[in-house]
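Just coords.csv here, CSV, C-alpha atoms:
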```csv
chain,number,residue,atom,x,y,z
G,1,MET,CA,24.3,47.1,102.1
G,2,LEU,CA,23.8,47.5,105.9
G,3,ASP,CA,22.0,44.1,106.2
G,4,ALA,CA,25.4,42.5,106.5
G,5,PRO,CA,28.3,43.6,108.7
G,6,VAL,CA,30.3,46.4,107.1
G,7,ALA,CA,34.0,45.9,106.7
G,8,VAL,CA,36.1,48.9,107.7
G,9,PHE,CA,39.7,48.9,106.6
G,10,GLY,CA,41.9,50.8,109.0
G,11,ALA,CA,41.6,51.6,112.7
G,12,GLY,CA,42.8,55.2,112.5
G,13,ILE,CA,40.7,58.4,112.5
G,14,SER,CA,38.9,57.7,109.2
G,15,GLY,CA,38.2,54.1,110.1
G,16,ARG,CA,36.8,54.8,113.5
G,17,ALA,CA,34.7,57.6,112.2
G,18,SER,CA,33.3,55.4,109.4
G,19,ALA,CA,32.5,52.7,112.0
G,20,ALA,CA,30.7,55.2,114.2
G,21,LEU,CA,28.6,56.4,111.3
G,22,VAL,CA,27.7,52.9,110.3
G,23,ALA,CA,26.5,52.2,113.9
G,24,ASN,CA,24.5,55.4,113.9
G,25,LEU,CA,22.7,54.2,110.8
G,26,GLY,CA,21.8,51.0,112.5
G,27,GLY,CA,24.5,48.8,111.0
G,28,ARG,CA,27.4,46.9,112.4
G,29,ALA,CA,31.0,47.6,111.5
G,30,VAL,CA,33.9,45.2,111.7
G,31,ILE,CA,37.3,47.0,111.7
G,32,TYR,CA,40.2,45.3,110.1
G,33,ASP,CA,43.7,46.4,110.9
G,34,ARG,CA,46.8,44.4,110.8
G,35,VAL,CA,48.1,46.2,113.9
G,36,GLY,CA,45.3,44.5,115.9
G,37,GLY,CA,44.2,45.5,119.4
G,38,ASP,CA,40.9,47.0,120.5
G,39,ASP,CA,39.0,44.0,119.0
G,40,ASN,CA,40.2,44.9,115.5
G,41,GLN,CA,40.4,41.9,113.1
G,42,THR,CA,43.7,41.1,111.5
G,43,GLU,CA,42.5,38.7,108.8
G,44,PHE,CA,40.0,39.9,106.3
G,45,LYS,CA,37.1,37.6,105.4
G,46,SER,CA,35.3,38.9,102.3
G,47,ALA,CA,32.5,36.3,102.6
G,48,ASP,CA,31.1,38.0,105.7
G,49,HIS,CA,30.5,41.4,104.0
G,50,LYS,CA,28.9,43.2,101.1
G,51,LEU,CA,30.4,46.7,101.7
G,52,ALA,CA,33.9,47.8,102.6
G,53,LEU,CA,34.8,51.3,103.8
G,54,VAL,CA,38.4,52.0,102.9
G,55,SER,CA,40.7,54.4,104.9
G,56,PRO,CA,43.3,56.5,103.0
G,57,GLY,CA,46.2,54.3,104.1
G,58,PHE,CA,44.9,51.4,101.9
G,59,SER,CA,45.9,51.7,98.2
G,60,PRO,CA,43.8,50.3,95.4
G,61,SER,CA,46.4,47.5,95.2
G,62,HIS,CA,46.2,46.5,98.8
G,63,ASP,CA,45.4,42.8,99.1
G,64,TRP,CA,42.3,43.4,101.2
G,65,VAL,CA,40.9,45.9,98.7
G,66,VAL,CA,41.7,43.5,95.8
G,67,ALA,CA,40.0,40.6,97.7
G,68,ALA,CA,36.9,42.7,98.4
G,69,ARG,CA,36.5,43.8,94.8
G,70,SER,CA,37.2,40.3,93.6
G,71,ALA,CA,34.4,39.0,95.8
G,72,GLY,CA,31.9,41.5,94.3
G,73,MET,CA,31.9,43.8,97.4
G,74,VAL,CA,31.2,47.5,97.0
G,75,CYS,CA,34.3,49.5,98.1
G,76,LEU,CA,33.8,53.1,99.2
G,77,THR,CA,36.3,55.6,100.6
G,78,GLU,CA,35.4,57.2,103.9
G,79,LEU,CA,34.8,60.5,102.0
G,80,ASP,CA,32.5,58.7,99.6
G,81,PHE,CA,30.5,57.3,102.4
G,82,ALA,CA,30.2,60.6,104.3
G,83,ALA,CA,29.4,62.6,101.2
G,84,LEU,CA,26.4,60.3,100.5
G,85,LEU,CA,24.9,61.4,103.8
G,86,TRP,CA,25.8,65.1,103.7
G,87,ARG,CA,23.1,67.6,102.8
G,88,GLY,CA,25.2,70.7,102.6
G,89,GLU,CA,27.7,72.1,100.1
G,90,VAL,CA,31.2,70.6,99.7
G,91,VAL,CA,34.3,72.6,98.7
G,92,ALA,CA,37.2,70.2,98.2
G,93,ILE,CA,40.8,71.4,98.5
G,94,THR,CA,43.9,69.6,97.5
G,95,GLY,CA,47.6,70.3,96.6
G,96,THR,CA,51.1,69.2,97.3
G,97,ASN,CA,51.4,72.0,99.9
G,98,GLY,CA,49.2,74.5,101.5
G,99,LYS,CA,46.0,72.5,101.4
G,100,SER,CA,45.6,72.4,105.2
G,101,THR,CA,46.2,76.1,105.6
G,102,LEU,CA,43.7,76.9,102.8
G,103,THR,CA,41.1,74.6,104.3
G,104,GLU,CA,41.6,76.1,107.8
G,105,PHE,CA,41.5,79.6,106.5
G,106,LEU,CA,38.3,79.2,104.4
G,107,ALA,CA,36.5,77.5,107.2
G,108,TYR,CA,37.6,80.3,109.6
G,109,ALA,CA,36.7,83.1,107.2
G,110,LEU,CA,33.2,81.6,106.5
G,111,ASN,CA,32.5,81.2,110.2
G,112,GLU,CA,33.6,84.7,110.8
G,113,ALA,CA,31.2,85.8,108.1
G,114,GLY,CA,28.3,84.0,109.9
G,115,LYS,CA,28.3,80.8,107.8
G,116,ASP,CA,27.9,77.2,109.1
G,117,ALA,CA,31.3,75.8,107.9
G,118,PHE,CA,33.5,72.9,108.9
G,119,ALA,CA,37.0,71.9,108.1
G,120,VAL,CA,37.0,68.1,107.4
G,121,GLY,CA,39.0,65.4,105.6
G,122,ASN,CA,42.7,65.0,105.6
G,123,ILE,CA,43.1,67.9,108.0
G,124,GLY,CA,42.5,65.4,110.9
G,125,ASN,CA,38.7,65.7,111.3
G,126,ALA,CA,37.0,62.9,109.5
G,127,PHE,CA,34.1,63.9,107.2
G,128,SER,CA,32.0,61.1,108.7
G,129,THR,CA,32.5,62.6,112.2
G,130,VAL,CA,30.9,65.9,111.1
G,131,VAL,CA,28.1,64.1,109.3
G,132,LEU,CA,27.3,62.2,112.4
G,133,GLU,CA,27.6,65.1,114.8
G,134,ARG,CA,25.6,67.5,112.6
G,135,GLU,CA,23.1,64.8,111.5
G,136,GLY,CA,24.0,65.3,107.9
G,137,GLY,CA,24.2,69.1,108.0
G,138,ALA,CA,21.8,71.7,106.8
G,139,PRO,CA,21.4,72.6,103.1
G,140,ASP,CA,23.3,75.8,103.7
G,141,SER,CA,26.1,74.1,105.7
G,142,ILE,CA,29.6,74.1,104.0
G,143,ALA,CA,32.1,71.3,104.4
G,144,LEU,CA,35.7,72.5,103.5
G,145,CYS,CA,37.2,69.1,102.7
G,146,GLU,CA,40.9,68.6,102.5
G,147,VAL,CA,41.6,65.8,100.1
G,148,SER,CA,44.9,64.0,99.8
G,149,SER,CA,46.0,62.0,96.7
G,150,PHE,CA,45.5,58.9,98.9
G,151,GLN,CA,41.9,59.8,99.3
G,152,ALA,CA,41.2,61.2,95.8
G,153,GLU,CA,42.4,58.2,93.8
G,154,MET,CA,39.5,55.9,94.8
G,155,LEU,CA,36.7,58.4,94.9
G,156,SER,CA,33.4,57.1,93.3
G,157,HIS,CA,30.4,58.8,94.9
G,158,PHE,CA,32.0,61.9,96.5
G,159,ARG,CA,30.9,65.1,94.7
G,160,ALA,CA,32.2,68.6,95.2
G,161,ASP,CA,30.4,71.8,94.4
G,162,ALA,CA,33.8,73.4,94.0
G,163,ALA,CA,37.4,72.2,94.0
G,164,ILE,CA,40.6,74.1,94.6
G,165,TRP,CA,44.0,72.7,93.8
G,166,THR,CA,46.8,74.8,95.3
G,167,ASN,CA,50.0,73.5,93.6
G,168,PHE,CA,51.7,70.4,92.3
G,169,ALA,CA,55.2,69.2,93.1
G,170,GLU,CA,57.1,66.0,93.8
G,171,ASP,CA,55.6,64.0,96.6
G,172,HIS,CA,54.2,60.5,97.6
G,173,LEU,CA,56.1,58.7,94.9
G,174,GLU,CA,56.4,55.7,97.2
G,175,ARG,CA,52.7,55.2,96.9
G,176,HIS,CA,51.9,56.4,93.3
G,177,GLY,CA,55.2,55.4,91.6
G,178,SER,CA,55.4,58.3,89.2
G,179,MET,CA,54.6,62.0,88.9
G,180,SER,CA,52.0,61.3,86.3
G,181,ALA,CA,50.2,58.7,88.5
G,182,TYR,CA,50.4,61.2,91.4
G,183,PHE,CA,48.9,63.9,89.2
G,184,LEU,CA,46.1,61.7,88.0
G,185,ALA,CA,45.2,60.6,91.5
G,186,LYS,CA,44.6,64.3,92.4
G,187,TRP,CA,42.9,65.0,89.1
G,188,ARG,CA,40.3,62.5,90.1
G,189,LEU,CA,39.0,65.2,92.5
G,190,PHE,CA,38.4,67.6,89.6
G,191,GLU,CA,36.5,64.8,87.9
G,192,ARG,CA,34.3,64.5,90.9
G,193,THR,CA,33.4,68.2,90.8
G,194,ILE,CA,30.5,67.6,88.6
G,195,GLY,CA,29.0,70.8,87.2
G,196,GLY,CA,30.9,72.8,89.8
G,197,GLN,CA,33.7,75.3,89.8
G,198,VAL,CA,37.4,74.2,89.7
G,199,LEU,CA,40.3,76.5,90.5
G,200,ALA,CA,44.0,75.7,90.1
G,201,GLY,CA,47.3,77.4,90.9
G,202,SER,CA,50.0,78.1,88.3
G,203,SER,CA,52.0,74.8,88.8
G,204,VAL,CA,48.8,72.8,88.5
G,205,ALA,CA,48.1,74.4,85.1
G,206,ARG,CA,51.6,73.5,83.9
G,207,ALA,CA,51.2,69.9,85.1
G,208,ALA,CA,47.8,69.6,83.4
G,209,GLU,CA,49.4,70.6,80.1
G,210,ASN,CA,52.2,68.1,80.6
G,211,TYR,CA,49.9,65.2,81.3
G,212,GLY,CA,47.3,66.0,78.6
G,213,GLN,CA,44.5,67.3,80.7
G,214,SER,CA,42.5,70.5,80.0
G,215,LEU,CA,41.4,73.0,82.6
G,216,PRO,CA,38.2,75.1,82.0
G,217,GLU,CA,38.6,78.7,80.9
G,218,GLY,CA,39.0,81.0,83.8
G,219,SER,CA,40.0,78.3,86.3
G,220,VAL,CA,43.7,79.1,86.5
G,221,ILE,CA,44.8,81.5,89.2
G,222,GLU,CA,48.3,83.1,88.8
G,223,THR,CA,49.9,82.2,92.1
G,224,GLU,CA,53.6,82.5,91.4
G,225,ASP,CA,55.4,85.8,91.9
G,226,PRO,CA,52.2,87.8,92.5
G,227,ALA,CA,52.3,91.4,93.3
G,228,GLY,CA,52.0,92.2,97.0
G,229,ASP,CA,48.8,93.3,98.6
G,230,VAL,CA,48.9,96.3,101.0
G,231,LEU,CA,45.7,95.0,102.7
G,232,LEU,CA,47.5,91.8,103.7
G,233,ARG,CA,50.5,93.5,105.5
G,234,GLY,CA,51.0,92.1,108.9
G,235,THR,CA,49.0,89.0,108.2
G,236,VAL,CA,50.3,85.4,107.6
G,237,PHE,CA,49.5,86.0,103.9
G,238,ASP,CA,51.8,89.0,103.4
G,239,ASP,CA,54.3,86.9,101.4
G,240,GLN,CA,54.8,83.5,99.8
G,241,PRO,CA,54.2,80.6,100.4
G,242,TYR,CA,51.0,81.6,102.2
G,243,LEU,CA,50.0,84.4,99.8
G,244,GLU,CA,49.3,81.6,97.3
G,245,ASN,CA,46.6,80.3,99.7
G,246,PHE,CA,44.9,83.7,100.0
G,247,LEU,CA,44.8,84.2,96.2
G,248,LEU,CA,43.0,80.9,95.8
G,249,ALA,CA,40.7,81.6,98.7
G,250,ALA,CA,39.8,85.0,97.2
G,251,ALA,CA,39.1,83.4,93.8
G,252,TRP,CA,36.6,81.0,95.3
G,253,TRP,CA,35.2,83.7,97.6
G,254,ARG,CA,34.3,85.8,94.5
G,255,VAL,CA,32.8,82.9,92.7
G,256,ALA,CA,30.6,82.2,95.8
G,257,GLY,CA,29.4,85.8,95.7
G,258,LEU,CA,30.7,86.7,99.2
G,259,ARG,CA,31.8,90.1,100.4
G,260,GLU,CA,35.6,90.6,99.8
G,261,GLN,CA,35.8,92.8,102.8
G,262,ALA,CA,34.9,89.9,105.0
G,263,LEU,CA,37.7,87.8,103.6
G,264,TYR,CA,40.3,90.5,104.3
G,265,ALA,CA,39.0,91.0,107.8
G,266,ALA,CA,39.4,87.2,108.5
G,267,ALA,CA,43.0,87.4,107.1
G,268,GLN,CA,43.8,90.0,109.7
G,269,SER,CA,43.0,87.7,112.6
G,270,PHE,CA,43.8,84.2,111.2
G,271,LYS,CA,46.6,82.3,112.8
G,272,LEU,CA,48.6,79.4,111.2
G,273,GLY,CA,48.1,75.9,112.6
G,274,SER,CA,50.7,74.2,114.7
G,275,HIS,CA,54.1,73.2,113.3
G,276,ARG,CA,54.0,75.6,110.4
G,277,MET,CA,56.9,78.0,110.5
G,278,SER,CA,56.4,78.9,114.2
G,279,ILE,CA,59.0,80.3,116.5
G,280,VAL,CA,59.5,78.1,119.5
G,281,GLY,CA,62.4,79.8,121.2
G,282,LEU,CA,65.0,82.5,121.2
G,283,ILE,CA,68.1,81.3,123.0
G,284,ASP,CA,71.5,83.0,123.1
G,285,GLY,CA,70.5,85.1,120.1
G,286,VAL,CA,69.5,82.1,118.0
G,287,THR,CA,65.9,81.8,116.8
G,288,TRP,CA,64.4,78.2,116.7
G,289,TRP,CA,61.6,77.5,114.2
G,290,ASP,CA,59.2,74.5,114.1
G,291,ASP,CA,58.1,73.6,110.6
G,292,SER,CA,57.6,69.9,111.2
G,293,LYS,CA,54.6,69.8,108.8
G,294,ALA,CA,57.1,70.2,105.9
G,295,THR,CA,57.1,66.6,104.9
G,296,ASN,CA,58.2,67.0,101.3
G,297,PHE,CA,60.9,68.8,99.3
G,298,HIS,CA,58.7,71.6,98.0
G,299,ALA,CA,57.5,72.5,101.5
G,300,THR,CA,61.1,72.7,102.9
G,301,GLU,CA,62.3,74.7,99.9
G,302,ALA,CA,59.4,77.2,100.5
G,303,ALA,CA,60.4,77.5,104.1
G,304,LEU,CA,64.1,78.2,103.3
G,305,ILE,CA,63.2,81.0,100.8
G,306,ARG,CA,61.7,83.0,103.7
G,307,PHE,CA,65.1,83.5,105.3
G,308,ALA,CA,67.5,86.2,104.1
G,309,ASN,CA,70.6,84.2,105.3
G,310,PRO,CA,71.5,80.5,105.3
G,311,VAL,CA,70.0,78.6,108.2
G,312,VAL,CA,71.0,75.7,110.4
G,313,LEU,CA,68.6,73.0,109.1
G,314,ILE,CA,67.3,69.9,110.8
G,315,ALA,CA,66.1,67.5,108.1
G,316,GLY,CA,65.4,63.8,107.3
G,317,GLY,CA,62.9,61.1,108.1
G,318,LYS,CA,61.1,58.4,106.2
G,319,SER,CA,61.5,58.6,102.4
G,320,LYS,CA,58.4,59.3,100.2
G,321,GLY,CA,60.4,58.8,97.0
G,322,GLY,CA,61.6,61.5,94.6
G,323,ASP,CA,64.8,63.1,93.5
G,324,VAL,CA,66.8,63.6,96.7
G,325,GLU,CA,69.9,64.7,94.8
G,326,GLY,CA,67.9,67.4,93.1
G,327,PHE,CA,66.6,68.5,96.4
G,328,VAL,CA,70.1,68.8,97.9
G,329,ALA,CA,71.2,70.8,94.8
G,330,ARG,CA,68.4,73.3,95.3
G,331,ILE,CA,68.9,73.9,99.0
G,332,LYS,CA,72.7,73.9,99.3
G,333,SER,CA,73.1,77.7,99.0
G,334,ARG,CA,70.4,78.3,101.7
G,335,VAL,CA,71.8,76.2,104.5
G,336,LYS,CA,75.0,76.7,106.5
G,337,HIS,CA,74.8,73.4,108.4
G,338,VAL,CA,72.4,70.4,108.2
G,339,LEU,CA,71.7,68.0,111.1
G,340,LEU,CA,70.3,64.7,109.7
G,341,ILE,CA,67.8,62.4,111.4
G,342,GLY,CA,65.7,59.4,110.5
G,343,GLU,CA,65.9,56.7,107.8
G,344,SER,CA,67.0,59.1,105.0
G,345,ARG,CA,70.0,60.5,107.0
G,346,ASN,CA,72.7,58.4,105.3
G,347,ILE,CA,71.7,59.1,101.7
G,348,LEU,CA,71.3,62.8,102.6
G,349,ALA,CA,74.8,62.7,104.2
G,350,THR,CA,76.3,61.3,101.1
G,351,LEU,CA,74.7,63.8,98.8
G,352,LEU,CA,75.4,66.8,101.1
G,353,GLY,CA,79.0,65.6,101.4
G,354,ALA,CA,79.3,65.6,97.6
G,355,ALA,CA,77.9,69.1,97.5
G,356,ALA,CA,80.4,70.3,100.2
G,357,VAL,CA,77.6,71.2,102.6
G,358,PRO,CA,78.5,71.0,106.3
G,359,HIS,CA,76.4,68.3,108.0
G,360,HIS,CA,76.2,65.8,110.8
G,361,VAL,CA,74.4,62.5,111.0
G,362,CYS,CA,72.4,62.3,114.3
G,363,GLU,CA,71.0,59.4,116.2
G,364,ASP,CA,67.8,61.2,117.0
G,365,LEU,CA,66.1,64.6,117.3
G,366,ALA,CA,67.6,65.3,120.7
G,367,GLU,CA,71.2,65.0,119.3
G,368,ALA,CA,70.2,67.1,116.3
G,369,ILE,CA,69.1,69.9,118.5
G,370,ALA,CA,72.3,69.7,120.6
G,371,ARG,CA,74.4,69.8,117.4
G,372,ALA,CA,72.4,72.6,116.0
G,373,ALA,CA,73.0,74.6,119.1
G,374,GLU,CA,76.8,74.1,118.6
G,375,ALA,CA,76.6,75.1,114.9
G,376,ALA,CA,74.4,78.2,115.4
G,377,LYS,CA,75.8,81.7,116.3
G,378,PRO,CA,73.9,84.7,117.6
G,379,GLY,CA,71.7,86.0,114.8
G,380,ASP,CA,71.3,82.6,113.2
G,381,ASP,CA,68.1,80.6,112.7
G,382,VAL,CA,67.7,76.9,113.4
G,383,LEU,CA,64.9,75.4,111.4
G,384,LEU,CA,63.2,72.0,111.8
G,385,SER,CA,61.8,71.6,108.3
G,386,PRO,CA,62.4,67.9,107.6
G,387,ALA,CA,61.3,67.4,103.9
G,388,PHE,CA,60.5,63.8,104.8
G,389,SER,CA,57.7,61.9,106.6
G,390,SER,CA,57.9,61.5,110.3
G,391,LEU,CA,56.6,57.9,110.4
G,392,ASP,CA,60.0,56.3,110.9
G,393,GLN,CA,60.5,57.8,114.4
G,394,PHE,CA,57.2,59.4,115.3
G,395,SER,CA,53.4,58.8,115.1
G,396,GLY,CA,53.1,61.9,112.8
G,397,TYR,CA,54.5,65.4,112.1
G,398,ALA,CA,52.6,66.7,115.1
G,399,GLU,CA,54.5,64.5,117.6
G,400,ARG,CA,57.8,65.3,115.8
G,401,GLY,CA,57.0,69.0,116.2
G,402,GLU,CA,55.9,68.7,119.8
G,403,THR,CA,59.0,66.8,120.7
G,404,PHE,CA,61.2,69.4,119.0
G,405,THR,CA,59.4,72.2,120.9
G,406,LYS,CA,59.8,70.6,124.3
G,407,LEU,CA,63.5,69.8,123.7
G,408,VAL,CA,64.2,73.4,122.6
G,409,GLN,CA,62.3,75.0,125.4
G,410,ARG,CA,64.2,72.9,128.0
G,411,ARG,CA,67.4,74.7,126.9
G,412,SER,CA,67.9,77.7,129.2
G,413,PRO,CA,69.6,80.9,127.8
G,414,GLY,CA,73.4,80.4,127.9
G,415,GLU,CA,73.2,76.6,127.9
G,416,ARG,CA,75.4,74.8,125.5
G,417,PRO,CA,75.7,71.0,124.8
```
Will you turn the file into structure tokens for me?
Amino acid sequence: MLDAPVAVFGAGISGRASAALVANLGGRAVIYDRVGGDDNQTEFKSADHKLALVSPGFSPSHDWVVAARSAGMVCLTELDFAALLWRGEVVAITGTNGKSTLTEFLAYALNEAGKDAFAVGNIGNAFSTVVLEREGGAPDSIALCEVSSFQAEMLSHFRADAAIWTNFAEDHLERHGSMSAYFLAKWRLFERTIGGQVLAGSSVARAAENYGQSLPEGSVIETEDPAGDVLLRGTVFDDQPYLENFLLAAAWWRVAGLREQALYAAAQSFKLGSHRMSIVGLIDGVTWWDDSKATNFHATEAALIRFANPVVLIAGGKSKGGDVEGFVARIKSRVKHVLLIGESRNILATLLGAAAVPHHVCEDLAEAIARAAEAAKPGDDVLLSPAFSSLDQFSGYAERGETFTKLVQRRSPGERP
């Protein structure tokens, strides 16, 4: 396949990593991206290639993917390509929410226990990059691979030794079209766990039953309303939603035959990644929280449950489909005022108005912060937990969270808009 130039669809993290791995193998990659720039090609020519490496942003129905398959080309995802060259173990992790935290925690815990482990995949570190840097890894190396539905739906050669599916809730309907299609895209990951262990949270088990799929005996972990664990007090896993991650981590840890004491020790020192329920300021008695990574309804609802009293919420962004009216109905008792940003702000304003929830439509995040400061009183919490994608106004949730943090921290105590 490398005797002809390899087509790489997408110039993002996955695409660049795929191209670098091709070059390391002695091949030549041609990157196609309609944005152009950096010598990327904007018009795909299938006759020039035998193999295409497809980034997650390209759906199976994308015209380039369709053209490549119609021309008889082999189409592999970046995960497929990297997995073919990886000599170590693969533990795949997916879910609507919590998959990044679970991936980070398991990689951290394994490294603390002296294992050679890496967090890869949708977490922002391409699998191909680790394969290249570690020269395929050692047989005892472990890749903790976060897999999104965008990545899972086209898997063909990727194989996991174990797969963990945290939860299932409404998300990415703009790509998949229906909840059943979204579920089956993720289910593909379990199908690629050939002969391995699969573990699923409570909501996944319910969805599997709804969509006519069977989970192996012993694979379902009760993750909803679990009893507290005194050994987790003072850790990020002391309560939901993060307790769910620990329960699934512990289930896999036991299957792997590792010492439970080492997992609890790692939980004591583990810190959440950026833009996940982190305090960025305490100004005039008001606490400001950055939860920019909450890009769907389920994540924002989980964040709101953590507060004893209604919060001042900053929400909105690019729609990913789904029942916005249902979302508003579920959160209305947990918010005292909502500041709205992004493409979804007007539909949210209409639905919040119908639900008699105080709100304000804002031009941008800076205005939302100023309005939030007006609405909040000493003792209140202001929460950025958007429930929508950031890609209408920002390059990603990280830029949105960083912008929020900078704007909040510029406000000195006593300052009012």
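Using all atoms listed in the file, the set of residues no farther than 9 Å from the position (44.0, 82.1, 94.1) comprises Ile164, Thr166, Leu199, Ala200, Gly201, Val220, Ile221, Glu222, Thr223, Leu243, Glu244, Asn245, Phe246, Leu247, Leu248, Ala249, Ala250, Ala251 and Trp252 of chain G.
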Who sits within 10 Å of Gly27 (chain G), all atoms listed in the file, same chain under 3 positions skipped, as a VMD selection string: chain G and resid 1 to 6 19 to 24
Shell of 12 Å around Ser141 (chain G), only C-alpha atoms, local chain residues under 2 positions omitted, as a ChimeraX atom specification: /G:86-91,107,110-111,114-119,130-131,134-139,143-144
Could you check the closest approach to Ser128 (chain G) for each of G:Arg206, G:Arg159, G:Arg16, G:Arg233 and tell me which residue wins, using only C-alpha atoms? G:Arg16
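Candidate residues G:Glu367, G:Asp48, G:Glu325, G:Glu112 were compared for distance to Ser269 (chain G), and the nearest is G:Glu112, using only C-alpha atoms.
Shortest atom-to-atom contact with Pro378 (chain G) among G:Glu363, G:Asp284, G:Glu402, G:Asp38: G:Asp284, counting only C-alpha atoms.
The two atoms in question, CA of Phe388 (chain G) and CA of Asp239 (chain G), are spaced 24.2 Å apart.
Closest approach to Pro386 (chain G) among G:Ser278, G:Asn210, G:Ser319, G:Asn309: G:Ser319, based on all atoms listed in the file.
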From G:Ile13, G:Ala208, G:Cys145, G:Met277, residue lying nearest Gly124 (chain G) [all atoms listed in the file]: G:Ile13
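The smallest atom-to-atom distance between Ile347 (chain G) and any of G:Tyr242, G:Asp39, G:Phe307, G:Asp323, using all atoms listed in the file, is found for G:Asp323.
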Give me the residues near region 336-342 of chain G as a PyMOL selection string, where near means some atom within 7 Å (using all atoms listed in the file) and where sequence neighbours in that chain fewer than 4 positions away do not count. chain G and resi 310-318+357-365+368+372+375+392-393
Around region 25-34 of chain G, fit a box with edges along x, y and z, padding it by 4 Å on each side, then list its centre and edge lengths in Å to one decimal as JSON.
```
{"center_x": 34.3, "center_y": 49.3, "center_z": 111.3, "size_x": 33.0, "size_y": 17.8, "size_z": 10.4}
```
Would you pick out the contacts of Phe81 (chain G) at 8 Å or less, using all atoms listed in the file, so that residues sharing its chain but fewer than 2 positions from it are not included, and give the list as a PyMOL selection string? chain G and resi 18+53+76-79+83-85+128+157-158
